[in-house]
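Coordinates as given in final-v6.cif (mmCIF, C-alpha atoms):
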```cif
data_final
#
loop_
_atom_site.label_atom_id
_atom_site.label_comp_id
_atom_site.auth_asym_id
_atom_site.auth_seq_id
_atom_site.Cartn_x
_atom_site.Cartn_y
_atom_site.Cartn_z
CA MET T 1 0.00 0.00 0.00
CA ILE T 2 1.31 3.40 -0.82
CA GLN T 3 1.01 6.21 1.80
CA PHE T 4 1.15 9.85 0.96
CA ASN T 5 2.48 12.40 3.36
CA LEU T 6 -0.24 14.94 3.18
CA ILE T 7 0.93 17.02 6.20
CA PRO T 8 2.94 20.04 5.19
CA SER T 9 6.41 20.35 6.76
CA ILE T 10 5.45 23.48 8.68
CA LYS T 11 2.58 21.66 10.31
CA LYS T 12 4.82 18.72 11.05
CA GLU T 13 7.27 21.03 12.74
CA TYR T 14 4.41 22.66 14.63
CA LEU T 15 3.12 19.36 15.92
CA ASN T 16 6.61 18.27 16.86
CA LEU T 17 7.17 21.46 18.84
CA LEU T 18 3.78 21.06 20.50
CA ARG T 19 4.72 17.58 21.60
CA ILE T 20 8.09 18.75 22.94
CA ARG T 21 6.42 21.60 24.82
CA ASN T 22 3.89 19.25 26.36
CA LEU T 23 6.67 16.85 27.31
CA VAL T 24 8.81 19.59 28.85
CA VAL T 25 5.86 21.01 30.77
CA PHE T 26 4.88 17.55 31.93
CA ILE T 27 8.40 16.65 33.06
CA SER T 28 8.85 20.05 34.67
CA ILE T 29 5.58 19.83 36.57
CA THR T 30 6.20 16.22 37.58
CA VAL T 31 9.75 16.81 38.87
CA THR T 32 8.76 20.03 40.62
CA SER T 33 5.72 18.36 42.12
CA ILE T 34 7.72 15.40 43.39
CA SER T 35 10.36 17.67 44.95
CA PHE T 36 7.59 19.87 46.34
CA ILE T 37 5.83 16.89 47.89
CA ILE T 38 9.08 15.67 49.44
CA PHE T 39 9.74 19.18 50.72
CA VAL T 40 6.25 19.54 52.18
CA ILE T 41 6.38 16.12 53.88
CA LEU T 42 9.81 16.83 55.35
CA PHE T 43 8.86 20.37 56.32
CA THR T 44 5.73 19.16 58.08
CA TYR T 45 7.59 16.41 59.86
CA VAL T 46 10.52 18.56 60.96
CA THR T 47 8.59 21.71 61.80
CA PHE T 48 5.56 20.22 63.45
CA PHE T 49 5.92 16.58 64.37
CA GLN T 50 9.59 16.47 65.29
CA SER T 51 9.58 19.89 67.02
CA ASN T 52 6.53 18.86 68.96
CA ASN T 53 8.22 15.64 69.94
CA LEU T 54 11.29 17.61 70.99
CA ASN T 55 9.25 20.00 73.10
CA ASN T 56 7.41 17.15 74.77
CA ILE T 57 10.60 15.34 75.72
CA ASP T 58 12.10 18.64 76.86
CA LYS T 59 9.11 19.27 79.12
CA ILE T 60 9.39 15.74 80.58
CA VAL T 61 13.15 16.21 81.15
CA GLN T 62 12.53 19.55 82.87
CA SER T 63 9.80 18.05 85.01
CA LYS T 64 11.97 15.08 86.04
CA SER T 65 14.88 17.43 86.76
CA VAL T 66 12.68 19.46 89.06
CA THR T 67 11.53 16.25 90.78
CA LEU T 68 15.12 15.20 91.32
CA THR T 69 16.49 18.56 92.47
CA GLY T 70 13.41 19.08 94.63
CA ASN T 71 14.59 16.35 97.01
CA SER T 72 16.01 18.58 99.75
CA ASN T 73 17.70 15.65 101.50
CA LEU T 74 19.59 14.50 98.45
CA ASN T 75 22.78 16.52 99.01
CA LYS T 76 22.97 15.42 102.63
CA ILE T 77 22.37 11.77 101.73
CA LEU T 78 24.97 11.85 98.95
CA THR T 79 27.46 13.53 101.28
CA ILE T 80 26.97 10.86 103.94
CA GLN T 81 27.20 8.14 101.31
CA ASN T 82 30.48 9.65 100.10
CA GLN T 83 31.85 9.94 103.66
CA LEU T 84 30.88 6.31 104.28
CA LYS T 85 32.84 5.28 101.20
CA SER T 86 35.95 7.16 102.31
CA LEU T 87 36.00 6.32 106.02
CA PRO T 88 36.99 2.63 105.79
CA GLN T 89 39.88 3.51 103.49
CA VAL T 90 41.08 6.26 105.83
CA GLU T 91 40.71 4.05 108.90
CA SER T 92 42.58 1.16 107.31
CA ASN T 93 45.56 3.41 106.55
CA LEU T 94 45.95 4.67 110.12
CA PRO T 95 48.97 3.16 111.89
CA GLU T 96 48.13 1.42 115.14
CA VAL T 97 50.60 3.45 117.17
CA SER T 98 49.53 1.92 120.47
CA GLN T 99 51.27 -1.27 119.34
CA LEU T 100 54.55 0.60 119.84
CA PHE T 101 54.25 0.28 123.61
CA THR T 102 53.67 -3.48 123.32
CA TYR T 103 56.60 -3.87 120.96
CA LEU T 104 58.95 -1.85 123.17
CA ASN T 105 58.11 -4.09 126.11
CA GLN T 106 58.83 -7.13 124.01
CA LEU T 107 62.08 -5.78 122.57
CA THR T 108 63.79 -3.68 125.22
CA PRO T 109 66.17 -5.55 127.53
CA VAL T 110 65.41 -5.32 131.22
CA THR T 111 68.75 -3.67 131.85
CA ALA T 112 68.19 -1.00 129.22
CA THR T 113 66.00 2.07 129.40
CA ILE T 114 64.75 4.46 126.74
CA SER T 115 65.21 8.20 127.05
CA ASN T 116 63.78 9.13 123.70
CA ILE T 117 62.01 7.39 120.89
CA THR T 118 61.02 8.97 117.61
CA ALA T 119 59.01 7.28 114.92
CA ASP T 120 58.13 8.54 111.51
CA PHE T 121 55.15 6.53 110.29
CA SER T 122 55.20 8.11 106.85
CA GLN T 123 58.80 7.03 106.17
CA ASN T 124 58.75 3.95 108.44
CA ILE T 125 61.87 4.89 110.36
CA MET T 126 62.50 4.92 114.09
CA THR T 127 65.21 6.09 116.44
CA ILE T 128 65.64 4.88 120.00
CA LYS T 129 67.97 6.59 122.44
CA GLY T 130 68.62 5.41 125.96
CA ASN T 131 70.88 3.87 128.56
CA ALA T 132 71.96 0.39 129.41
CA ASP T 133 74.04 -1.29 132.05
CA SER T 134 76.64 -2.40 129.53
CA LEU T 135 77.58 -2.35 125.89
CA ALA T 136 76.75 -6.06 125.77
CA THR T 137 73.14 -5.20 126.55
CA VAL T 138 73.15 -2.55 123.81
CA ASN T 139 74.58 -5.11 121.40
CA GLN T 140 71.91 -7.62 122.40
CA PHE T 141 69.23 -4.96 121.92
CA VAL T 142 70.54 -4.28 118.41
CA ASP T 143 70.66 -8.01 117.63
CA THR T 144 67.16 -8.46 118.98
CA LEU T 145 65.90 -5.81 116.60
CA LYS T 146 67.81 -7.35 113.69
CA PHE T 147 66.45 -10.84 114.22
CA THR T 148 62.89 -10.03 115.19
CA ASN T 149 60.30 -11.31 112.74
CA TYR T 150 56.61 -10.85 112.48
CA SER T 151 53.78 -12.83 111.05
CA ILE T 152 50.26 -11.84 110.14
CA SER T 153 47.52 -14.31 110.98
CA GLY T 154 49.87 -17.28 110.85
CA SER T 155 51.55 -16.35 107.58
CA SER T 156 55.28 -16.91 107.02
CA ASP T 157 57.74 -14.89 109.10
CA ARG T 158 59.17 -11.68 107.74
CA PRO T 159 61.75 -9.34 109.28
CA ALA T 160 60.07 -6.64 111.34
CA PHE T 161 63.03 -4.26 111.24
CA SER T 162 65.75 -3.50 108.73
CA ASN T 163 68.77 -1.22 108.42
CA VAL T 164 69.34 -1.52 112.16
CA VAL T 165 72.30 0.72 112.94
CA LEU T 166 73.88 1.53 116.28
CA THR T 167 74.40 5.15 115.32
CA SER T 168 76.18 6.17 118.52
CA PHE T 169 77.13 4.76 121.88
CA SER T 170 79.27 5.61 124.85
CA TYR T 171 80.52 3.75 127.85
CA ASN T 172 81.62 4.95 131.26
CA SER T 173 83.23 2.24 133.34
CA SER T 174 83.42 4.29 136.54
CA SER T 175 80.15 3.06 137.98
CA SER T 176 80.00 -0.45 136.59
CA SER T 177 80.13 -2.07 139.99
CA THR T 178 76.90 -0.41 141.12
CA GLN T 179 74.87 -1.90 138.26
CA GLN T 180 73.80 1.54 137.12
CA SER T 181 73.47 2.62 133.50
CA ASN T 182 76.95 2.99 132.13
CA ALA T 183 76.29 2.87 128.43
CA THR T 184 74.27 5.20 126.30
CA TYR T 185 73.08 4.25 122.88
CA GLU T 186 71.24 5.49 119.82
CA ILE T 187 69.76 2.98 117.40
CA ASP T 188 68.31 3.91 114.03
CA PHE T 189 66.28 1.45 112.02
CA SER T 190 63.47 1.04 109.55
CA PHE T 191 60.36 -0.91 110.34
CA ASP T 192 57.93 -2.77 108.19
CA SER T 193 54.73 -0.73 108.04
CA ASN T 194 52.72 -3.96 108.36
CA ILE T 195 53.62 -4.26 112.04
CA PHE T 196 51.51 -1.15 112.70
CA ALA T 197 48.70 -2.07 110.31
CA ASN T 198 45.43 -1.87 112.18
CA SER T 199 43.59 -4.25 109.91
CA SER T 200 45.74 -7.30 110.58
CA ASN T 201 46.60 -9.45 113.54
CA VAL T 202 50.37 -9.02 113.83
CA THR T 203 52.50 -11.27 116.01
CA LEU T 204 56.04 -10.17 116.76
CA LYS T 205 58.49 -13.06 117.13
CA VAL T 206 61.34 -11.84 119.32
CA PRO T 207 64.47 -14.04 119.40
CA ASN T 208 65.31 -15.42 122.81
CA LEU T 209 68.55 -13.46 123.15
CA ILE T 210 67.70 -11.33 126.14
CA THR T 211 65.29 -10.94 128.99
CA THR T 212 62.76 -8.29 128.09
CA ARG T 213 60.09 -6.47 130.05
CA SER T 214 57.36 -8.50 128.47
CA ILE T 215 58.80 -11.53 130.24
CA LEU T 216 59.02 -9.70 133.57
CA ASP T 217 55.78 -7.80 132.94
CA GLN T 218 57.30 -4.51 134.10
CA PRO T 219 56.51 -1.97 131.38
CA LEU T 220 56.35 1.12 133.54
CA ASN T 221 60.05 1.63 134.10
CA ILE T 222 61.02 1.32 130.45
CA PHE T 223 61.43 5.08 129.99
CA LYS T 224 64.14 6.91 131.92
CA ASN T 225 65.83 10.15 131.03
CA ASN T 226 69.56 10.36 130.50
CA ASN T 227 70.16 12.56 133.54
CA ALA T 228 68.38 10.24 135.91
CA THR T 229 70.68 7.27 135.37
CA ASN T 230 73.00 7.95 138.26
CA MET O 1 9.94 39.70 3.37
CA LYS O 2 7.77 36.72 3.99
CA PRO O 3 4.77 37.49 6.25
CA THR O 4 4.67 35.69 9.57
CA SER O 5 2.01 33.05 9.64
CA ILE O 6 -0.14 32.13 12.67
CA LYS O 7 1.71 28.84 12.90
CA ASP O 8 5.04 30.61 13.04
CA THR O 9 3.75 32.83 15.84
CA LYS O 10 2.42 29.81 17.76
CA MET O 11 5.68 27.98 17.28
CA LYS O 12 7.52 30.95 18.73
CA ILE O 13 5.15 30.91 21.71
CA PHE O 14 5.77 27.17 22.12
CA SER O 15 9.50 27.75 22.11
CA ASN O 16 9.12 30.42 24.75
CA GLN O 17 6.85 28.14 26.78
CA ILE O 18 9.44 25.34 26.59
CA VAL O 19 12.15 27.70 27.85
CA LEU O 20 9.86 29.06 30.55
CA ALA O 21 8.61 25.63 31.68
CA SER O 22 12.08 24.14 31.80
CA GLY O 23 13.45 27.26 33.52
CA LEU O 24 10.73 27.33 36.14
CA GLY O 25 10.96 23.57 36.58
CA ILE O 26 14.70 23.74 37.13
CA PHE O 27 14.36 26.75 39.44
CA PHE O 28 11.68 25.23 41.68
CA THR O 29 13.29 21.81 41.65
CA LEU O 30 16.61 23.28 42.73
CA PHE O 31 14.84 25.43 45.33
CA PHE O 32 13.09 22.41 46.78
CA ILE O 33 16.25 20.31 46.64
CA PHE O 34 18.20 22.93 48.63
CA SER O 35 15.30 23.45 51.03
CA THR O 36 15.03 19.71 51.51
CA LYS O 37 18.76 19.51 52.15
CA ILE O 38 18.44 22.17 54.87
CA LEU O 39 15.43 20.37 56.29
CA ILE O 40 17.38 17.08 56.32
CA SER O 41 20.16 18.81 58.32
CA LYS O 42 17.56 20.14 60.72
CA TYR O 43 15.94 16.72 60.89
CA ASN O 44 19.29 15.09 61.71
CA TYR O 45 20.09 17.70 64.35
CA GLN O 46 16.69 17.46 65.99
CA ASN O 47 16.88 13.69 65.83
CA ASN O 48 20.26 13.87 67.55
CA VAL O 49 18.82 16.18 70.23
CA ILE O 50 15.86 13.85 70.73
CA GLY O 51 18.27 10.91 71.08
CA VAL O 52 20.33 12.74 73.68
CA GLN O 53 17.21 13.87 75.50
CA LYS O 54 15.86 10.33 75.54
CA LEU O 55 19.16 9.21 77.04
CA ALA O 56 18.95 12.04 79.59
CA LEU O 57 15.43 10.93 80.37
CA VAL O 58 16.57 7.36 80.98
CA ASN O 59 19.34 8.68 83.26
CA LEU O 60 16.88 10.92 85.06
CA ASN O 61 14.46 8.05 85.59
CA ASN O 62 17.32 5.92 86.94
CA ASP O 63 18.45 8.79 89.16
CA ILE O 64 14.95 9.35 90.49
CA SER O 65 14.63 5.65 91.20
CA ALA O 66 18.08 5.66 92.87
CA SER O 67 17.18 8.73 94.91
CA LYS O 68 14.03 6.99 96.16
CA THR O 69 16.12 3.96 97.13
CA LEU O 70 18.64 6.27 98.81
CA ASP O 71 15.86 8.03 100.70
CA SER O 72 14.52 4.72 101.91
CA SER O 73 18.01 3.45 102.90
CA TYR O 74 18.79 6.73 104.63
CA SER O 75 15.58 6.53 106.66
CA LYS O 76 16.57 3.04 107.80
CA PHE O 77 20.14 4.24 108.49
CA VAL O 78 19.10 7.05 110.80
CA SER O 79 16.11 5.38 112.46
CA PRO O 80 17.60 2.82 114.93
CA THR O 81 17.25 3.66 118.63
CA ASN O 82 20.99 3.23 119.14
CA ASN O 83 23.55 4.56 116.70
CA ILE O 84 26.53 2.62 115.31
CA ILE O 85 28.71 3.50 118.30
CA GLY O 86 26.07 2.58 120.86
CA GLY O 87 24.81 6.08 121.72
CA LEU O 88 21.19 7.10 121.80
CA THR O 89 19.88 8.41 118.51
CA ALA O 90 17.31 10.54 120.29
CA ASN O 91 19.95 12.31 122.39
CA PRO O 92 22.17 14.20 119.93
CA ASN O 93 23.72 16.41 122.60
CA SER O 94 25.28 13.55 124.57
CA VAL O 95 28.89 12.43 123.88
CA ASN O 96 28.03 9.43 121.71
CA GLY O 97 24.46 10.50 120.92
CA GLY O 98 22.76 11.44 117.69
CA ASP O 99 21.69 9.53 114.66
CA ASN O 100 24.09 7.62 112.46
CA ALA O 101 24.27 10.47 109.95
CA LYS O 102 25.56 12.77 112.70
CA ILE O 103 28.11 10.16 113.77
CA ILE O 104 29.38 9.84 110.20
CA LEU O 105 29.64 13.61 109.83
CA ASP O 106 31.40 13.81 113.20
CA ALA O 107 33.90 11.22 111.96
CA LEU O 108 34.45 12.85 108.59
CA PRO O 109 33.02 16.37 108.58
CA SER O 110 31.85 17.90 105.34
CA THR O 111 33.11 21.33 106.32
CA TYR O 112 36.53 22.57 107.32
CA ASP O 113 36.21 23.84 110.89
CA PHE O 114 39.68 24.10 112.39
CA PRO O 115 38.71 25.91 115.62
CA GLU O 116 36.06 23.28 116.37
CA PHE O 117 38.56 20.49 115.79
CA ILE O 118 41.18 22.11 118.05
CA THR O 119 38.54 22.48 120.79
CA THR O 120 37.57 18.82 120.44
CA LEU O 121 41.24 17.82 120.49
CA GLN O 122 41.85 19.85 123.62
CA ASN O 123 38.88 18.18 125.32
CA LEU O 124 40.24 14.77 124.35
CA LEU O 125 43.69 15.59 125.75
CA VAL O 126 42.26 16.95 128.99
CA SER O 127 40.04 13.89 129.39
CA GLN O 128 43.15 11.68 129.39
CA GLY O 129 44.75 13.65 132.23
CA VAL O 130 47.86 14.77 130.36
CA SER O 131 49.28 18.28 130.67
CA ILE O 132 49.06 20.17 127.42
CA THR O 133 52.29 21.91 126.52
CA SER O 134 51.18 23.09 123.11
CA ILE O 135 48.68 22.52 120.35
CA SER O 136 49.49 24.02 117.00
CA GLY O 137 48.32 23.95 113.45
CA THR O 138 47.35 26.30 110.70
CA ASP O 139 43.80 27.28 109.96
CA GLN O 140 43.68 26.77 106.20
CA SER O 141 40.10 27.87 105.73
CA ALA O 142 41.18 30.87 103.65
CA THR O 143 43.01 28.69 101.12
CA LEU O 144 40.46 25.90 100.89
CA THR O 145 37.81 27.79 98.96
CA ASN O 146 38.60 25.91 95.76
CA SER O 147 38.65 22.50 97.36
CA PRO O 148 36.72 20.19 95.03
CA ASN O 149 33.51 18.56 96.20
CA GLY O 150 33.75 15.10 97.62
CA VAL O 151 37.56 14.90 97.72
CA ILE O 152 39.13 14.09 101.05
CA SER O 153 41.54 16.66 102.50
CA GLN O 154 43.91 16.68 105.47
CA ILE O 155 43.99 18.94 108.50
CA PRO O 156 47.53 18.75 109.92
CA PHE O 157 48.31 19.63 113.54
CA GLN O 158 50.98 19.17 116.22
CA VAL O 159 50.50 18.39 119.89
CA THR O 160 52.97 18.32 122.76
CA VAL O 161 51.81 16.90 126.07
CA SER O 162 53.38 15.50 129.18
CA GLY O 163 52.18 12.84 131.54
CA SER O 164 52.89 9.48 133.05
CA TYR O 165 53.56 6.34 131.04
CA SER O 166 49.99 5.12 131.48
CA GLN O 167 48.52 8.54 130.64
CA ILE O 168 50.55 8.71 127.43
CA GLU O 169 49.59 5.15 126.54
CA ASN O 170 45.93 5.91 127.25
CA LEU O 171 46.14 9.04 125.12
CA ILE O 172 47.45 7.09 122.14
CA ASN O 173 44.68 4.54 122.67
CA ALA O 174 42.15 7.39 122.86
CA PHE O 175 43.43 8.76 119.55
CA GLN O 176 42.91 5.35 118.00
CA ARG O 177 39.45 4.93 119.48
CA SER O 178 38.35 8.38 118.36
CA ILE O 179 35.59 8.22 115.74
CA ARG O 180 37.37 11.04 113.97
CA PRO O 181 40.40 9.44 112.32
CA ILE O 182 43.67 10.80 113.70
CA ASP O 183 46.60 9.77 111.58
CA ILE O 184 49.81 10.02 113.61
CA LEU O 185 52.65 10.79 111.22
CA LYS O 186 55.48 11.45 113.66
CA PHE O 187 55.82 10.36 117.25
CA ASP O 188 58.47 11.69 119.61
CA LEU O 189 58.47 10.45 123.19
CA THR O 190 61.08 11.78 125.60
CA SER O 191 61.62 10.83 129.17
CA ASN O 192 61.92 13.74 131.60
CA GLN O 193 62.67 13.72 135.30
CA ASN O 194 59.33 12.37 136.51
CA ASN O 195 57.23 11.90 133.46
CA LEU O 196 57.19 11.61 129.70
CA SER O 197 56.87 14.29 127.09
CA LEU O 198 55.12 13.37 123.87
CA THR O 199 55.14 15.36 120.68
CA ILE O 200 53.11 14.12 117.77
CA SER O 201 52.61 15.46 114.29
CA ALA O 202 49.35 14.18 113.01
CA GLN O 203 46.51 14.89 110.66
CA THR O 204 42.83 14.43 110.65
CA TYR O 205 40.52 14.64 107.68
CA TYR O 206 37.47 16.32 106.30
CA GLN O 207 35.67 15.75 103.04
CA PRO O 208 33.59 18.52 101.45
CA GLY O 209 29.97 17.64 100.92
CA VAL O 210 28.64 16.46 97.60
CA GLN O 211 26.43 18.93 95.77
CA PHE O 212 24.01 17.29 93.39
CA THR O 213 23.94 19.13 90.09
CA ILE O 214 22.35 18.37 86.74
CA SER O 215 24.83 19.26 84.06
CA LYS O 216 23.81 20.61 80.68
CA ARG O 217 25.43 19.58 77.45
CA LEU O 218 25.44 21.37 74.11
CA VAL O 219 24.40 19.05 71.28
CA ASN O 220 26.21 19.67 68.02
#
```
Could you write out this file's structure as structure tokens?
Amino acid sequence: MIQFNLIPSIKKEYLNLLRIRNLVVFISITVTSISFIIFVILFTYVTFFQSNNLNNIDKIVQSKSVTLTGNSNLNKILTIQNQLKSLPQVESNLPEVSQLFTYLNQLTPVTATISNITADFSQNIMTIKGNADSLATVNQFVDTLKFTNYSISGSSDRPAFSNVVLTSFSYNSSSSSTQQSNATYEIDFSFDSNIFANSSNVTLKVPNLITTRSILDQPLNIFKNNNATN
Amino acid sequence: MKPTSIKDTKMKIFSNQIVLASGLGIFFTLFFIFSTKILISKYNYQNNVIGVQKLALVNLNNDISASKTLDSSYSKFVSPTNNIIGGLTANPNSVNGGDNAKIILDALPSTYDFPEFITTLQNLLVSQGVSITSISGTDQSATLTNSPNGVISQIPFQVTVSGSYSQIENLINAFQRSIRPIDILKFDLTSNQNNLSLTISAQTYYQPGVQFTISKRLVN
């Protein structure tokens, strides 16, 4: 079959342009509409729904904050709770200084007296100054300190004292016959902080080198000043 | 010159309409794309804020629940007839009296009160029968203004007393029995003619009270 193109070229061009225009307008309206719809949905959600949600949560948070801060006892309770947390730690670190008197009775020879004792519980060092009837007693006192051990609740023995040094001594033989204090001494040493720990049951194991006041049960005359020896 | 036909005129209008439609389409599409982008940023930010606020809300609910538990525990803590050191709760003015909260605050005060401590210390020394040679220390209240909440701090002091062997021994025992911790740092005991002279450098403690605060955070 033979077809004849009866449409003039100008009309063809016209129709073509009309179609393009319609297509462009359609695409333009469609794309703009889609982006507009997305914009409107998002705008509505963000501006109204989400903001409303935000305000509601904010109001609840504010209300709960007021409830919490309105508890007038809270600061006092928290303070006491905090003090209760700290107290056991503080108490456990305090040295049990009263043990010093027990230890001195166990360690000091009967024939020796103490004129001065200094202890530094932060550096764990101690100095004992005093008098004794003889240098042998002083030597025995030093040896006693060197060989004294301690144990905690039946654990293995450990040295109670270290770096025991007879820093100074003197001897005056003039009054040796009267059994008065002829020798003076100064002993420096370090001690294991565990022997003054208040949380543990410490047992001092004193070597049987000398007779001490703990054996005689005479603690009261352990201290004597240097001038009162004669 | 060839006269312009109606079709030519219409075609010109169509061309203009195509340009206009595509121009407006592109303009509005771009406008909405940029607006949407801004809205997405706002959405993300608000979503982030909501997330943080929800978390804050959970924390607040937990805190409120914890505060109720604390209130209940505190009521039980302060209600017994006898306090933890055996004194009467109902008699706060007696030596060991007062509720447990008072006892705890006596042991570890929440405020720095040096004069009060020195007075208490003096009473303790006198009660043991020793002669007080000196009590010294420095009132640090002026420098403690920036002390952080809830952090334990020391109050150092020195004491020199004289007394018999048993009085000195009792004093040391009294220090150890004191509900207020007394940490003896240095101990110097010297024998005099008839008695003993004791000098100790020690420290006691106080811990500033805790202030409950709700902190605010900026969400980026």
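Taking atom CA of Asn93 of chain T and atom CA of Gln211 of chain O as the two end points, the separation is 26.9 Å.
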6 Å contacts from chain T to chain O using all atoms listed in the file, as number ranges by chain: T: 21, 25, 28, 32, 35, 39, 46, 54, 61, 68, 75, 79, 94, 98, 115-122, 223-225
Separation of atom CA of Asn198 of chain T from atom CA of Glu96 of chain T, in Å and rounded to one decimal: 5.2 Å
To test your reading of the syntax: which residues would the PyMOL selection byres ((chain T and resi 138) around 10) return for the file shown? Reply as a short mmCIF file (atom, residue, chain, number, x, y, z; two decimals) with C-alpha atoms, in the frame of the given file.
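Everything below was put into selection.cif:
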```cif
data_model
loop_
_atom_site.label_atom_id
_atom_site.label_comp_id
_atom_site.auth_asym_id
_atom_site.auth_seq_id
_atom_site.Cartn_x
_atom_site.Cartn_y
_atom_site.Cartn_z
CA THR T 108 63.79 -3.68 125.22
CA PRO T 109 66.17 -5.55 127.53
CA THR T 111 68.75 -3.67 131.85
CA ALA T 112 68.19 -1.00 129.22
CA GLY T 130 68.62 5.41 125.96
CA ASN T 131 70.88 3.87 128.56
CA ALA T 132 71.96 0.39 129.41
CA ASP T 133 74.04 -1.29 132.05
CA SER T 134 76.64 -2.40 129.53
CA LEU T 135 77.58 -2.35 125.89
CA ALA T 136 76.75 -6.06 125.77
CA THR T 137 73.14 -5.20 126.55
CA ASN T 139 74.58 -5.11 121.40
CA GLN T 140 71.91 -7.62 122.40
CA PHE T 141 69.23 -4.96 121.92
CA VAL T 142 70.54 -4.28 118.41
CA ASP T 143 70.66 -8.01 117.63
CA THR T 144 67.16 -8.46 118.98
CA LEU T 166 73.88 1.53 116.28
CA PHE T 169 77.13 4.76 121.88
CA ALA T 183 76.29 2.87 128.43
CA THR T 184 74.27 5.20 126.30
CA TYR T 185 73.08 4.25 122.88
CA GLU T 186 71.24 5.49 119.82
CA ILE T 187 69.76 2.98 117.40
#
```
Gap from atom CA of Asn56 of chain T to atom CA of Asn48 of chain O - Å, one decimal: 15.1 Å
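Here the PyMOL selection byres ((chain O and resi 130) around 8) captures the residues Leu125, Val126, Ser127, Gln128, Gly129, Ser131, Ile132, Val161, Ser162, Gly163, Ser164, Gln167, Ile168 and Leu171 of chain O.
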Reconstruct N, CA, C and O atoms of segment 109-120 of chain T from the incomplete input and present them as a PDB file, keeping the file's coordinate frame.
```pdb
ATOM      1  N   PRO T 109      65.608  -4.730 126.432  1.00  0.00           N
ATOM      2  CA  PRO T 109      66.170  -5.550 127.530  1.00  0.00           C
ATOM      3  C   PRO T 109      65.833  -4.932 128.887  1.00  0.00           C
ATOM      4  O   PRO T 109      65.674  -3.711 129.005  1.00  0.00           O
ATOM      5  N   VAL T 110      65.746  -5.779 129.870  1.00  0.00           N
ATOM      6  CA  VAL T 110      65.410  -5.320 131.220  1.00  0.00           C
ATOM      7  C   VAL T 110      66.446  -4.318 131.725  1.00  0.00           C
ATOM      8  O   VAL T 110      66.114  -3.347 132.413  1.00  0.00           O
ATOM      9  N   THR T 111      67.675  -4.531 131.343  1.00  0.00           N
ATOM     10  CA  THR T 111      68.750  -3.670 131.850  1.00  0.00           C
ATOM     11  C   THR T 111      68.991  -2.461 130.960  1.00  0.00           C
ATOM     12  O   THR T 111      70.017  -1.794 131.085  1.00  0.00           O
ATOM     13  N   ALA T 112      68.077  -2.206 130.060  1.00  0.00           N
ATOM     14  CA  ALA T 112      68.190  -1.000 129.220  1.00  0.00           C
ATOM     15  C   ALA T 112      66.945  -0.142 129.431  1.00  0.00           C
ATOM     16  O   ALA T 112      65.857  -0.650 129.721  1.00  0.00           O
ATOM     17  N   THR T 113      67.145   1.156 129.328  1.00  0.00           N
ATOM     18  CA  THR T 113      66.000   2.070 129.400  1.00  0.00           C
ATOM     19  C   THR T 113      66.010   2.956 128.146  1.00  0.00           C
ATOM     20  O   THR T 113      67.026   3.038 127.447  1.00  0.00           O
ATOM     21  N   ILE T 114      64.881   3.596 127.928  1.00  0.00           N
ATOM     22  CA  ILE T 114      64.750   4.460 126.740  1.00  0.00           C
ATOM     23  C   ILE T 114      64.560   5.898 127.212  1.00  0.00           C
ATOM     24  O   ILE T 114      63.711   6.172 128.068  1.00  0.00           O
ATOM     25  N   SER T 115      65.375   6.787 126.699  1.00  0.00           N
ATOM     26  CA  SER T 115      65.210   8.200 127.050  1.00  0.00           C
ATOM     27  C   SER T 115      64.422   8.947 125.983  1.00  0.00           C
ATOM     28  O   SER T 115      63.762   9.941 126.267  1.00  0.00           O
ATOM     29  N   ASN T 116      64.509   8.465 124.786  1.00  0.00           N
ATOM     30  CA  ASN T 116      63.780   9.130 123.700  1.00  0.00           C
ATOM     31  C   ASN T 116      63.511   8.137 122.575  1.00  0.00           C
ATOM     32  O   ASN T 116      64.377   7.333 122.230  1.00  0.00           O
ATOM     33  N   ILE T 117      62.314   8.215 122.072  1.00  0.00           N
ATOM     34  CA  ILE T 117      62.010   7.390 120.890  1.00  0.00           C
ATOM     35  C   ILE T 117      61.264   8.267 119.883  1.00  0.00           C
ATOM     36  O   ILE T 117      60.332   8.984 120.247  1.00  0.00           O
ATOM     37  N   THR T 118      61.734   8.243 118.659  1.00  0.00           N
ATOM     38  CA  THR T 118      61.020   8.970 117.610  1.00  0.00           C
ATOM     39  C   THR T 118      60.639   7.986 116.513  1.00  0.00           C
ATOM     40  O   THR T 118      61.427   7.092 116.177  1.00  0.00           O
ATOM     41  N   ALA T 119      59.474   8.151 116.009  1.00  0.00           N
ATOM     42  CA  ALA T 119      59.010   7.280 114.920  1.00  0.00           C
ATOM     43  C   ALA T 119      58.366   8.135 113.845  1.00  0.00           C
ATOM     44  O   ALA T 119      57.596   9.049 114.154  1.00  0.00           O
ATOM     45  N   ASP T 120      58.746   7.846 112.640  1.00  0.00           N
ATOM     46  CA  ASP T 120      58.130   8.540 111.510  1.00  0.00           C
ATOM     47  C   ASP T 120      57.314   7.498 110.742  1.00  0.00           C
ATOM     48  O   ASP T 120      57.885   6.636 110.055  1.00  0.00           O
TER      49      ASP T 120
END
```
